[in-house]
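S.K.: I'm passing along query13.tsv; it holds TSV, C-alpha atoms.
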chain	number	residue	atom	x	y	z
A	1	MET	CA	-38.57	32.47	-52.31
A	2	GLY	CA	-36.78	29.17	-52.21
A	3	GLU	CA	-37.44	26.69	-49.47
A	4	THR	CA	-34.99	26.67	-46.56
A	5	THR	CA	-33.55	23.27	-45.74
A	6	GLY	CA	-32.50	22.39	-42.19
A	7	ALA	CA	-29.07	21.00	-41.42
A	8	SER	CA	-28.61	17.28	-41.71
A	9	SER	CA	-29.19	15.40	-38.45
A	10	ASP	CA	-26.08	13.21	-39.04
A	11	VAL	CA	-23.57	16.07	-38.99
A	12	ARG	CA	-20.52	14.90	-37.04
A	13	PRO	CA	-18.37	17.26	-34.92
A	14	LEU	CA	-15.24	18.50	-36.70
A	15	VAL	CA	-13.09	17.94	-33.60
A	16	ALA	CA	-13.21	14.87	-31.37
A	17	ALA	CA	-13.85	15.74	-27.74
A	18	ARG	CA	-12.43	12.58	-26.15
A	19	PRO	CA	-9.67	13.54	-23.68
A	20	PHE	CA	-6.24	11.95	-24.20
A	21	SER	CA	-6.11	10.90	-20.56
A	22	SER	CA	-9.37	8.96	-20.77
A	23	SER	CA	-7.48	5.93	-22.16
A	24	VAL	CA	-5.33	5.62	-19.03
A	25	ARG	CA	-6.38	4.69	-15.50
A	26	VAL	CA	-3.94	5.38	-12.67
A	27	ASP	CA	-3.80	3.81	-9.21
A	28	VAL	CA	-1.33	5.90	-7.21
A	29	SER	CA	-0.39	6.15	-3.55
A	30	GLY	CA	2.44	7.54	-1.42
A	31	LEU	CA	3.83	7.07	2.11
A	32	THR	CA	6.69	8.43	4.19
A	33	HIS	CA	8.27	7.39	7.50
A	34	PRO	CA	11.08	8.93	9.61
A	35	GLY	CA	12.78	5.55	10.08
A	36	HIS	CA	14.21	4.07	13.26
A	37	VAL	CA	17.08	6.49	13.88
A	38	ARG	CA	16.05	10.07	13.09
A	39	THR	CA	13.55	11.99	15.18
A	40	ASN	CA	12.42	14.21	12.31
A	41	ASN	CA	11.52	13.47	8.71
A	42	GLU	CA	13.39	15.50	6.09
A	43	ASP	CA	11.47	13.76	3.28
A	44	HIS	CA	8.27	15.16	1.82
A	45	PHE	CA	6.09	13.92	-1.02
A	46	LEU	CA	3.12	15.05	-3.09
A	47	VAL	CA	0.56	13.22	-5.22
A	48	THR	CA	-1.89	15.46	-7.05
A	49	ARG	CA	-4.28	15.57	-10.00
A	50	ALA	CA	-4.10	18.45	-12.46
A	51	THR	CA	-7.30	18.75	-14.48
A	52	ARG	CA	-8.91	20.72	-17.25
A	53	ALA	CA	-12.67	20.30	-17.25
A	54	LEU	CA	-15.72	21.28	-19.28
A	55	GLN	CA	-19.32	20.73	-18.17
A	56	THR	CA	-22.17	21.66	-20.47
A	57	MET	CA	-24.98	23.32	-18.53
A	58	GLN	CA	-27.38	24.24	-21.38
A	59	THR	CA	-27.25	24.03	-25.15
A	60	SER	CA	-29.49	24.00	-28.22
A	61	LEU	CA	-27.10	21.63	-30.03
A	62	PRO	CA	-28.16	18.05	-30.72
A	63	ALA	CA	-26.96	15.40	-28.30
A	64	GLY	CA	-23.40	14.37	-29.04
A	65	ASP	CA	-22.26	17.60	-30.71
A	66	VAL	CA	-20.53	18.68	-27.52
A	67	PRO	CA	-19.80	16.52	-24.48
A	68	GLU	CA	-21.91	16.80	-21.36
A	69	ARG	CA	-18.63	16.65	-19.46
A	70	ALA	CA	-14.99	16.34	-20.51
A	71	ASP	CA	-11.98	16.08	-18.21
A	72	GLU	CA	-8.31	16.02	-19.15
A	73	VAL	CA	-6.40	14.63	-16.18
A	74	ASN	CA	-2.66	14.59	-15.42
A	75	TYR	CA	-1.13	13.03	-12.33
A	76	VAL	CA	1.85	14.72	-10.70
A	77	MET	CA	4.05	12.88	-8.18
A	78	VAL	CA	6.98	14.42	-6.29
A	79	VAL	CA	9.56	13.15	-3.79
A	80	ALA	CA	11.95	15.61	-2.12
A	81	ASP	CA	14.67	14.67	0.39
A	82	GLY	CA	16.01	17.66	2.32
A	83	MET	CA	19.51	18.34	3.58
A	84	GLY	CA	20.83	20.80	6.14
A	85	GLY	CA	21.48	21.13	9.85
A	86	HIS	CA	18.79	20.98	12.53
A	87	ALA	CA	15.37	21.38	10.84
A	88	ALA	CA	16.75	22.99	7.67
A	89	GLY	CA	16.46	19.81	5.59
A	90	GLU	CA	12.82	19.37	6.50
A	91	VAL	CA	12.16	23.00	5.59
A	92	ALA	CA	14.03	22.67	2.28
A	93	SER	CA	12.07	19.66	1.02
A	94	ARG	CA	8.81	21.21	2.15
A	95	MET	CA	9.60	24.51	0.43
A	96	THR	CA	10.75	22.72	-2.73
A	97	ILE	CA	7.37	21.08	-3.27
A	98	SER	CA	5.23	24.03	-2.20
A	99	ALA	CA	7.23	26.43	-4.39
A	100	LEU	CA	6.86	24.16	-7.43
A	101	VAL	CA	3.11	24.06	-6.94
A	102	GLY	CA	2.99	27.84	-6.53
A	103	LEU	CA	4.96	28.39	-9.73
A	104	ALA	CA	2.76	25.93	-11.64
A	105	LEU	CA	-0.39	27.73	-10.54
A	106	GLN	CA	0.99	30.98	-11.96
A	107	ILE	CA	1.32	29.54	-15.49
A	108	PRO	CA	-1.61	30.92	-17.51
A	109	ASP	CA	-1.77	28.09	-20.07
A	110	TRP	CA	-1.32	24.58	-18.75
A	111	ILE	CA	-0.23	22.01	-21.35
A	112	PHE	CA	-2.08	18.71	-20.86
A	113	TRP	CA	-0.42	16.50	-23.44
A	114	ALA	CA	3.22	15.96	-24.36
A	115	ASP	CA	3.01	15.43	-28.12
A	116	ALA	CA	5.79	16.52	-30.49
A	117	GLU	CA	4.41	20.04	-30.65
A	118	HIS	CA	4.33	20.58	-26.89
A	119	ALA	CA	7.08	18.35	-25.44
A	120	ARG	CA	9.91	20.84	-25.89
A	121	GLU	CA	7.95	23.63	-24.22
A	122	ILE	CA	7.03	21.36	-21.29
A	123	GLU	CA	10.71	20.52	-20.80
A	124	ARG	CA	11.73	24.19	-20.98
A	125	ARG	CA	9.11	25.24	-18.43
A	126	THR	CA	10.02	22.36	-16.15
A	127	ARG	CA	13.73	23.17	-16.09
A	128	GLN	CA	13.02	26.86	-15.57
A	129	ALA	CA	10.69	26.20	-12.63
A	130	VAL	CA	13.10	23.81	-10.91
A	131	GLU	CA	15.99	26.26	-11.34
A	132	GLN	CA	13.81	28.99	-9.82
A	133	VAL	CA	13.11	26.82	-6.79
A	134	GLY	CA	16.82	26.22	-6.29
A	135	ALA	CA	17.44	29.97	-6.33
A	136	MET	CA	14.57	30.51	-3.85
A	137	LEU	CA	16.12	28.05	-1.38
A	138	ILE	CA	19.44	29.86	-1.53
A	139	ASP	CA	17.77	33.25	-1.06
A	140	ARG	CA	15.85	31.99	1.98
A	141	GLY	CA	19.05	30.57	3.44
A	142	ARG	CA	20.73	33.92	3.09
A	143	GLU	CA	17.85	35.59	4.93
A	144	ASP	CA	17.85	33.11	7.84
A	145	ALA	CA	21.16	31.91	9.31
A	146	ALA	CA	19.47	28.76	10.69
A	147	LEU	CA	18.58	27.72	7.14
A	148	ARG	CA	21.86	28.67	5.43
A	149	GLY	CA	23.08	25.94	3.09
A	150	MET	CA	19.80	24.03	3.13
A	151	GLY	CA	18.97	22.06	0.00
A	152	SER	CA	16.86	19.25	-1.39
A	153	THR	CA	16.74	16.51	-3.94
A	154	LEU	CA	13.79	16.40	-6.33
A	155	THR	CA	12.45	13.43	-8.25
A	156	ALA	CA	9.09	13.96	-9.93
A	157	ALA	CA	6.83	12.41	-12.54
A	158	ARG	CA	3.89	13.76	-14.50
A	159	SER	CA	1.64	11.46	-16.50
A	160	CYS	CA	0.10	13.15	-19.54
A	161	GLY	CA	-2.16	10.46	-20.95
A	162	ARG	CA	0.30	7.77	-22.08
A	163	ASP	CA	3.27	10.13	-21.88
A	164	LEU	CA	5.34	10.19	-18.68
A	165	LEU	CA	7.62	13.11	-17.85
A	166	ILE	CA	10.46	12.42	-15.38
A	167	VAL	CA	12.25	15.30	-13.62
A	168	HIS	CA	15.31	14.66	-11.47
A	169	VAL	CA	17.89	16.42	-9.30
A	170	GLY	CA	19.92	14.58	-6.65
A	171	ASP	CA	19.88	10.96	-5.44
A	172	SER	CA	16.24	10.13	-4.92
A	173	ARG	CA	15.18	7.73	-7.69
A	174	ALA	CA	12.52	6.74	-10.20
A	175	TYR	CA	12.04	3.14	-11.36
A	176	LEU	CA	9.74	1.62	-13.98
A	177	LEU	CA	8.64	-2.02	-13.96
A	178	ARG	CA	7.49	-3.27	-17.38
A	179	ASP	CA	6.78	-6.91	-18.22
A	180	GLY	CA	8.69	-8.02	-15.13
A	181	ARG	CA	11.82	-6.03	-15.99
A	182	LEU	CA	12.96	-3.16	-13.76
A	183	GLU	CA	14.53	-0.04	-15.27
A	184	ARG	CA	16.01	2.82	-13.27
A	185	LEU	CA	14.83	6.03	-14.93
A	186	THR	CA	17.17	8.37	-13.05
A	187	LYS	CA	20.92	8.65	-12.48
A	188	ASP	CA	22.26	9.54	-9.04
A	189	HIS	CA	23.91	12.94	-8.85
A	190	THR	CA	26.54	11.79	-6.35
A	191	TYR	CA	30.31	11.64	-6.07
A	192	ALA	CA	30.10	7.85	-6.09
A	193	GLN	CA	28.30	7.93	-9.44
A	194	LEU	CA	31.00	10.24	-10.84
A	195	LEU	CA	33.59	7.63	-9.84
A	196	VAL	CA	31.52	4.91	-11.54
A	197	ASP	CA	31.26	7.00	-14.71
A	198	ALA	CA	35.04	7.54	-14.65
A	199	GLY	CA	35.68	3.79	-14.25
A	200	GLN	CA	37.21	4.27	-10.79
A	201	LEU	CA	34.45	2.50	-8.86
A	202	SER	CA	32.45	-0.61	-9.69
A	203	PRO	CA	28.64	-0.19	-9.66
A	204	ARG	CA	28.37	-3.14	-7.27
A	205	ASP	CA	30.65	-1.36	-4.78
A	206	VAL	CA	28.61	1.87	-4.62
A	207	ALA	CA	26.52	0.65	-1.67
A	208	LEU	CA	29.70	0.19	0.39
A	209	SER	CA	31.30	3.46	-0.70
A	210	GLY	CA	31.79	6.20	1.85
A	211	VAL	CA	30.94	8.82	-0.79
A	212	ARG	CA	27.65	7.36	-1.98
A	213	HIS	CA	25.63	10.13	-0.28
A	214	ILE	CA	27.83	13.08	-1.24
A	215	LEU	CA	25.65	15.04	-3.67
A	216	THR	CA	27.17	16.72	-6.71
A	217	ASN	CA	23.89	18.33	-7.74
A	218	ALA	CA	20.96	19.53	-5.64
A	219	LEU	CA	18.46	22.34	-5.24
A	220	GLY	CA	19.79	25.04	-2.94
A	221	GLY	CA	22.92	24.22	-1.00
A	222	SER	CA	25.90	26.42	-1.73
A	223	THR	CA	25.50	27.05	-5.46
A	224	THR	CA	22.85	28.37	-7.82
A	225	ASP	CA	24.18	26.12	-10.59
A	226	VAL	CA	21.77	23.19	-10.82
A	227	HIS	CA	21.46	20.59	-13.58
A	228	VAL	CA	17.91	19.32	-14.15
A	229	ASP	CA	17.47	15.93	-15.85
A	230	VAL	CA	14.24	15.79	-17.87
A	231	ASP	CA	13.12	12.71	-19.76
A	232	LEU	CA	9.94	11.71	-21.59
A	233	LEU	CA	8.78	8.16	-22.19
A	234	ARG	CA	5.70	6.32	-23.43
A	235	LEU	CA	3.64	4.30	-20.97
A	236	GLU	CA	2.49	0.76	-21.73
A	237	ASP	CA	-0.39	-1.18	-20.22
A	238	GLY	CA	0.61	-2.70	-16.88
A	239	ASP	CA	3.54	-0.37	-16.19
A	240	ARG	CA	4.35	0.36	-12.55
A	241	LEU	CA	6.30	3.41	-11.41
A	242	LEU	CA	8.21	3.92	-8.16
A	243	LEU	CA	9.54	7.24	-6.90
A	244	CYS	CA	11.56	6.99	-3.68
A	245	SER	CA	14.13	8.61	-1.44
A	246	ASP	CA	17.50	7.01	-0.73
A	247	GLY	CA	16.19	5.83	2.62
A	248	LEU	CA	14.43	3.08	0.66
A	249	THR	CA	17.17	2.18	-1.83
A	250	ASP	CA	19.88	2.09	0.87
A	251	GLY	CA	18.26	-1.03	2.31
A	252	VAL	CA	16.23	-2.50	-0.55
A	253	ASP	CA	18.04	-3.82	-3.63
A	254	ASP	CA	16.79	-3.74	-7.21
A	255	ASP	CA	15.72	-7.39	-7.27
A	256	THR	CA	13.52	-6.84	-4.21
A	257	ILE	CA	12.14	-3.63	-5.71
A	258	ALA	CA	11.18	-5.53	-8.89
A	259	ALA	CA	9.51	-8.33	-6.95
A	260	THR	CA	7.59	-5.91	-4.73
A	261	LEU	CA	6.41	-3.75	-7.63
A	262	GLY	CA	5.38	-6.89	-9.50
A	263	ALA	CA	3.02	-8.07	-6.78
A	264	ALA	CA	-0.64	-8.01	-7.83
A	265	LEU	CA	-1.62	-5.54	-5.12
A	266	PRO	CA	-3.06	-2.01	-4.98
A	267	SER	CA	-0.46	0.76	-4.98
A	268	SER	CA	-1.25	1.63	-1.36
A	269	GLU	CA	-0.34	-1.88	-0.21
A	270	VAL	CA	2.83	-1.91	-2.31
A	271	CYS	CA	3.90	1.34	-0.62
A	272	GLN	CA	3.30	-0.26	2.78
A	273	ARG	CA	5.46	-3.22	1.79
A	274	PHE	CA	8.30	-0.95	0.65
A	275	LEU	CA	8.31	0.98	3.91
A	276	GLN	CA	8.24	-2.21	5.97
A	277	LEU	CA	11.11	-3.70	3.96
A	278	ALA	CA	13.25	-0.62	4.55
A	279	LEU	CA	12.38	-0.57	8.26
A	280	ASP	CA	13.13	-4.28	8.63
A	281	ARG	CA	16.56	-3.71	7.07
A	282	GLY	CA	17.61	-1.03	9.50
A	283	GLY	CA	15.54	2.06	8.66
A	284	ARG	CA	18.57	4.29	9.28
A	285	ASP	CA	17.23	7.15	7.14
A	286	ASN	CA	13.86	8.69	6.34
A	287	ILE	CA	11.90	6.54	3.89
A	288	THR	CA	9.50	7.73	1.20
A	289	ALA	CA	7.80	5.86	-1.65
A	290	ILE	CA	5.21	6.73	-4.28
A	291	VAL	CA	3.84	3.90	-6.42
A	292	ALA	CA	1.68	4.32	-9.51
A	293	ALA	CA	0.12	1.57	-11.63
A	294	PHE	CA	-1.06	2.37	-15.17
A	295	VAL	CA	-3.82	0.61	-17.10
A	296	VAL	CA	-3.91	1.64	-20.77
A	297	SER	CA	-7.12	0.85	-22.62
A	298	GLY	CA	-6.42	2.42	-26.00
Show this structure as C-alpha cells.
M.R.:
Amino acid sequence: MGETTGASSDVRPLVAARPFSSSVRVDVSGLTHPGHVRTNNEDHFLVTRATRALQTMQTSLPAGDVPERADEVNYVMVVADGMGGHAAGEVASRMTISALVGLALQIPDWIFWADAEHAREIERRTRQAVEQVGAMLIDRGREDAALRGMGSTLTAARSCGRDLLIVHVGDSRAYLLRDGRLERLTKDHTYAQLLVDAGQLSPRDVALSGVRHILTNALGGSTTDVHVDVDLLRLEDGDRLLLCSDGLTDGVDDDTIAATLGAALPSSEVCQRFLQLALDRGGRDNITAIVAAFVVSG
C-alpha cells in the first residue's frame, strides 16, 4: 500500500472570516426632551445593535482555520415624531418604532451588508415594512376613537459596515457632516417644501412660513398612501451623522448644526449640546437628537 500523506500545515481557508463591520467603529448616542411648552413628549427614539455572531466552542481544526469568535454588527437608529390629539401622537411614535422592531424580528434571513447583490432587496424590505407600519397605525386608529387620525414621522439610519441606509417619511431630518461640510440627507415632506419645489417659496423663507409644519406624507394619519424615501451612501472616516425631530431644527440653523457636530466631543456630549441649544432658543416643541460618529480603519 502507498504511504498516506497528511494535509499541508499551511493550507489557508477558502473564505475569509473577517466581518465587514470590523473595519468601522461607531460612537452613537441619543436624547429626547419634551421642551419648555408641552407637558408630554410625542417624540421617541431608538438606538440598537443588530448582530450575527459565531463562537467556536470546540474543533479539531488547526488554529486560524475558523475564527474563535466572529461578529457582524449593524447599528440601527430611529427618530419618530408623533402627531394626533391628546396622547395619540405619543402613542403613534411609540407604536411606529416598536412595530418596526417586531417586523424586523420576524424576517428569517437578516442581510448584514448592502453590497450590489443585496442593496435592492434591503430597500424593498425596508419600504414594505414601513408601509405596513403605516397601515397598522390606521387600523389601530379605527379601533380606538381616541387614537383616530394619529400618525408619525420616521427618520432612520442603518449602518452596514461602511454602507449607510437612510429611511425617511415626514419632516424629521438626517444630516451628515463630512470634512467640515454639512449635507442634509432627507427632504421634508411638507406643504412648505412643495411650494419651494414649485418655485413659489424661497428656501430661506421656509422657517417663517405658516405651512412649514403641514405634512404631506406621514405614517398613519388619514391615508394609507405613504411614500418612503430610501437612500444608500458610503461612509468615510470621520463622518458624523445626526438624526433629529423638527423640535431641534426649528430653533437651530444649519451653520450651528455643522459647528456642533464638528466639535471634538463624544456623541453623548454632542447630543447634550443640541438639546441645550434648542431649549435656549425657545424649546417650543419636543426635541430629539441621535448622533453617531464613524471611524473607518480599512
S.K.: Around (14.8, -1.4, 5.1) in the file's own coordinates, what residues are found within 12 Å if you use only C-alpha atoms, given back as a PyMOL selection string?
M.R.: chain A and resi 33-36+245-253+256-257+272-288
S.K.: Go through A:Asp81, A:Asn74, A:Arg148, A:Ala116 and flag the residue nearest His213 in chain A, using all atoms listed in the file for the distances.
M.R.: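 Between A:Asp81, A:Asn74, A:Arg148, A:Ala116, the residue approaching His213 in chain A most closely is A:Asp81.
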S.K.: Have a look at A:Ile138, A:Ala119, A:Leu194, A:Leu154 and name the one nearest to His44 in chain A; count all atoms listed in the file.
M.R.: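 Smallest distance to His44 in chain A is found for A:Leu154.
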S.K.: Record the distance separating CA of Asp139 in chain A and CA of Tyr191 in chain A, expressed in Å with one decimal.
M.R.: 25.5 Å
S.K.: Between A:Ala259, A:Val26, A:Ile166, A:Ala88, which one has atoms that come closest to Arg181 in chain A, using all atoms listed in the file?
M.R.: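 Under the stated criterion, the closest residue is A:Ala259.
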S.K.: If you count only C-alpha atoms, which residues fall within 6 Å of range 66-70 of chain A, apart from same-chain ones fewer than 5 positions away, as a PyMOL selection string?
M.R.: chain A and resi 53-56
S.K.: Kindly complete range 249-260 of chain A to all heavy atoms; the output should be written as a compact mmCIF listing (two decimals), keeping the file's coordinate frame.
M.R.:
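part_39.txt, freshly written:
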# COMPACT_ATOMS: atom_id res chain seq x y z
N THR A 249 16.20 2.92 -1.00
CA THR A 249 17.17 2.18 -1.83
C THR A 249 18.44 1.82 -1.07
O THR A 249 19.17 0.92 -1.50
CB THR A 249 17.52 2.99 -3.08
OG1 THR A 249 17.93 4.32 -2.71
CG2 THR A 249 16.31 3.09 -4.00
N ASP A 250 18.72 2.49 0.06
CA ASP A 250 19.88 2.09 0.87
C ASP A 250 19.72 0.68 1.43
O ASP A 250 20.71 -0.03 1.61
CB ASP A 250 20.08 3.07 2.04
CG ASP A 250 20.82 4.32 1.62
OD1 ASP A 250 21.32 4.37 0.47
OD2 ASP A 250 20.91 5.25 2.44
N GLY A 251 18.47 0.27 1.70
CA GLY A 251 18.26 -1.03 2.31
C GLY A 251 17.57 -2.05 1.43
O GLY A 251 17.55 -3.24 1.75
N VAL A 252 17.01 -1.60 0.32
CA VAL A 252 16.23 -2.50 -0.55
C VAL A 252 16.87 -2.54 -1.93
O VAL A 252 16.96 -1.51 -2.60
CB VAL A 252 14.76 -2.05 -0.64
CG1 VAL A 252 13.95 -3.03 -1.47
CG2 VAL A 252 14.16 -1.89 0.76
N ASP A 253 17.33 -3.72 -2.34
CA ASP A 253 18.04 -3.82 -3.63
C ASP A 253 17.06 -3.88 -4.79
O ASP A 253 15.84 -4.01 -4.62
CB ASP A 253 18.98 -5.03 -3.63
CG ASP A 253 18.27 -6.36 -3.41
OD1 ASP A 253 17.10 -6.50 -3.85
OD2 ASP A 253 18.87 -7.26 -2.81
N ASP A 254 17.62 -3.81 -6.00
CA ASP A 254 16.79 -3.74 -7.21
C ASP A 254 15.95 -4.99 -7.41
O ASP A 254 14.81 -4.91 -7.89
CB ASP A 254 17.67 -3.49 -8.45
CG ASP A 254 18.15 -2.04 -8.54
OD1 ASP A 254 17.88 -1.27 -7.60
OD2 ASP A 254 18.80 -1.70 -9.55
N ASP A 255 16.49 -6.16 -7.10
CA ASP A 255 15.72 -7.39 -7.27
C ASP A 255 14.48 -7.39 -6.36
O ASP A 255 13.39 -7.81 -6.78
CB ASP A 255 16.58 -8.62 -6.95
CG ASP A 255 17.63 -8.88 -8.02
OD1 ASP A 255 17.49 -8.36 -9.15
OD2 ASP A 255 18.61 -9.61 -7.73
N THR A 256 14.65 -6.91 -5.14
CA THR A 256 13.52 -6.84 -4.21
C THR A 256 12.52 -5.78 -4.66
O THR A 256 11.31 -5.96 -4.53
CB THR A 256 14.02 -6.54 -2.79
OG1 THR A 256 15.01 -7.51 -2.42
CG2 THR A 256 12.87 -6.58 -1.79
N ILE A 257 13.02 -4.67 -5.18
CA ILE A 257 12.14 -3.63 -5.71
C ILE A 257 11.28 -4.19 -6.84
O ILE A 257 10.07 -3.98 -6.90
CB ILE A 257 12.95 -2.41 -6.19
CG1 ILE A 257 13.51 -1.64 -5.00
CG2 ILE A 257 12.08 -1.49 -7.05
CD1 ILE A 257 14.44 -0.51 -5.36
N ALA A 258 11.92 -4.94 -7.76
CA ALA A 258 11.18 -5.53 -8.89
C ALA A 258 10.12 -6.50 -8.41
O ALA A 258 8.97 -6.47 -8.89
CB ALA A 258 12.16 -6.23 -9.84
N ALA A 259 10.47 -7.35 -7.46
CA ALA A 259 9.51 -8.33 -6.95
C ALA A 259 8.35 -7.66 -6.23
O ALA A 259 7.19 -8.07 -6.37
CB ALA A 259 10.21 -9.31 -6.02
N THR A 260 8.63 -6.60 -5.48
CA THR A 260 7.59 -5.91 -4.73
C THR A 260 6.66 -5.14 -5.66
O THR A 260 5.43 -5.17 -5.50
CB THR A 260 8.22 -4.95 -3.71
OG1 THR A 260 9.15 -5.69 -2.90
CG2 THR A 260 7.16 -4.33 -2.81
